[in-house]
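> Sharing a structure, written as structure tokens. Questions coming.
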Amino acid sequence: MENTHFLIWTTTPWTLPSNYVCAVNPNLIYVKALDKKTQRIYILAESRLNTVYKNEDDYSILEKFPGTKLANAPYKPPFPYFLEKGTAAKAFRVLVDDYVTLETGTGIVHNAPYFGEDDYRICLNAGIIQKSSKPICLLDEVGRFTAEVTDFAGLYVKDADKAIIAKLKEMGVLVSAGQVKHSYPYCWRSDTP
């Protein structure tokens with residue numbers, strides 16, 4: 001549907017160029033909400049509306065439905081890098097999995113299969129990637145974006161976060177940005193994130 005956007009949330013902007021799919025929980029209730037200020041329609045978990053909107057008068061609910069209704073819904077990825085790798089036929093759709101929770105975010109999780117355990121698992125289970133497949137990675141051996149990522153080529157992933165957020169804002173697809181403190185896995189060899 002034109003002017004309808006999945007409202008995803010991530011604490012790792014550097015993984016967005018590697019977005020493959022999004023995930024929702026099949027047992028949660030989702031909504032299509034009309035943002036009265038922007039006139040955009042956002043899809044998100046109903047119970048997370050208060051994280052996006054401070055006032056109920058700022059939106060109207062157009063439709064409510066279970067997460068299962070979103071299964072395999074296609075979407076346009078935030079960045080086009082995997083489109084060029086010929087994966088678009090399998091990727092850029094919504095998967096359902098109960099690892100998606102309501103503790104934080106919008107009830108829609110961005111997935112980069114080579115940068116997260118759950119991301120990898122659900123993409124593998126959906127047949128989007130295979131164990132025997134060579135990982136598609138847009139990073140070099142020291143964690144910098146490769147030349148394929150034309151907007152951020154050569155940037156170290158954590159240094160790229162601000163540039164990625166700025167690019168999303170420039171593209172008109174950023175709804176909100178901020179910092180969140182949370183636990184993050186560290187490399188046991190280098191003691192770095």
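Letters A, B, ... go to the chains of the structure tokens in the order shown; residues in each chain start at 1; ligands are counted from 1 in the same order.
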Any chance you could list, as a ChimeraX atom specification, the residues in stretch 10-189 of chain A that come up strand (DSSP E) when DSSP is run on the backbone?
/A:21-24,29-35,41-45,59-66,94-96,108-111
> Might you pull out every residue within 10 Å of A:Gly143, with only C-alpha atoms counted and same-chain residues fewer than 6 positions away left off, and present them as JSON, numbers by chain?
{"A": [154, 155, 156, 157, 158]}
> Please, what distance in Å, to one decimal, runs between atom CA of A:Leu102 and atom CA of A:Ala45?
7.9 Å
> So which one's closest to A:Leu34, A:Phe145, A:Tyr59, A:Tyr114, A:Trp14? Using only C-alpha atoms, please.
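Among the listed residues, A:Tyr59 lies closest to A:Leu34.
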> Per residue of stretch 86-111 of chain A within 9 Å of stretch 50-55 of chain A, note the shortest atom pair and the distance in Å to one decimal, counting only C-alpha atoms, and order the rows by chain and increasing residue number, as a Markdown table.

| residue | atom | partner | partner_atom | distance |
| --- | --- | --- | --- | --- |
| A:Thr104 | CA | A:Thr51 | CA | 8.7 |
| A:Gly105 | CA | A:Thr51 | CA | 7.7 |
| A:Thr106 | CA | A:Thr51 | CA | 7.6 |
> So that I can check the secondary structure, give me every residue of stretch 76-135 of chain A assigned alpha helix (DSSP H) by backbone DSSP, as a short mmCIF file (atom, residue, chain, number, x, y, z; two decimals) with C-alpha atoms, in the first residue's frame.

data_model
loop_
_atom_site.label_atom_id
_atom_site.label_comp_id
_atom_site.auth_asym_id
_atom_site.auth_seq_id
_atom_site.Cartn_x
_atom_site.Cartn_y
_atom_site.Cartn_z
CA GLU A 117 22.03 -15.04 16.14
CA ASP A 118 18.23 -14.73 15.82
CA ASP A 119 18.63 -12.94 12.49
CA TYR A 120 20.67 -15.84 11.16
CA ARG A 121 18.30 -18.47 12.57
CA ILE A 122 15.09 -17.08 11.10
CA CYS A 123 16.66 -16.36 7.70
CA LEU A 124 18.04 -19.91 7.65
CA ASN A 125 14.65 -21.38 8.65
#
> Tell me which of A:Val100, A:Val24, A:Ala153, A:Val109 sits closest to A:Ile8, counting only C-alpha atoms.
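Ranked by minimum distance to A:Ile8, first place goes to A:Val109.
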> With only C-alpha atoms as the counted atoms, please give the residues lying no more than 12 Å from A:Lys167, apart from itself and same-chain residues fewer than 4 positions off, as an mmCIF file with C-alpha atoms, in the first residue's frame.

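The resulting around-v3.cif:
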data_model
loop_
_atom_site.group_PDB
_atom_site.id
_atom_site.type_symbol
_atom_site.label_atom_id
_atom_site.label_comp_id
_atom_site.auth_asym_id
_atom_site.auth_seq_id
_atom_site.Cartn_x
_atom_site.Cartn_y
_atom_site.Cartn_z
ATOM 1 C CA PRO A 13 22.388 1.435 12.773
ATOM 2 C CA TRP A 14 25.605 0.042 11.248
ATOM 3 C CA LEU A 16 21.041 -1.462 8.372
ATOM 4 C CA PRO A 17 23.039 -1.601 5.110
ATOM 5 C CA PRO A 78 16.379 1.158 3.687
ATOM 6 C CA PHE A 79 19.544 0.676 1.599
ATOM 7 C CA ASP A 151 27.498 5.775 0.932
ATOM 8 C CA PHE A 152 29.763 4.586 3.758
ATOM 9 C CA ALA A 160 29.414 4.957 10.535
ATOM 10 C CA ASP A 161 26.423 5.050 12.911
ATOM 11 C CA LYS A 162 26.126 8.859 12.785
ATOM 12 C CA ALA A 163 26.529 8.924 8.992
ATOM 13 C CA MET A 171 16.114 10.111 2.785
ATOM 14 C CA GLY A 172 13.078 11.124 4.871
ATOM 15 C CA VAL A 173 12.684 7.715 6.522
ATOM 16 C CA LEU A 174 13.969 8.457 10.025
#
> Could you check which of A:Ser47, A:Asn72, A:Glu170, A:Leu62 is closest to A:Ala126, using only C-alpha atoms?
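Of A:Ser47, A:Asn72, A:Glu170, A:Leu62, the one nearest A:Ala126, counting only C-alpha atoms, is A:Asn72.
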> What's the separation between atom CA of A:Asn3 and atom CA of A:Gln39, in Å to one decimal place?
8.3 Å
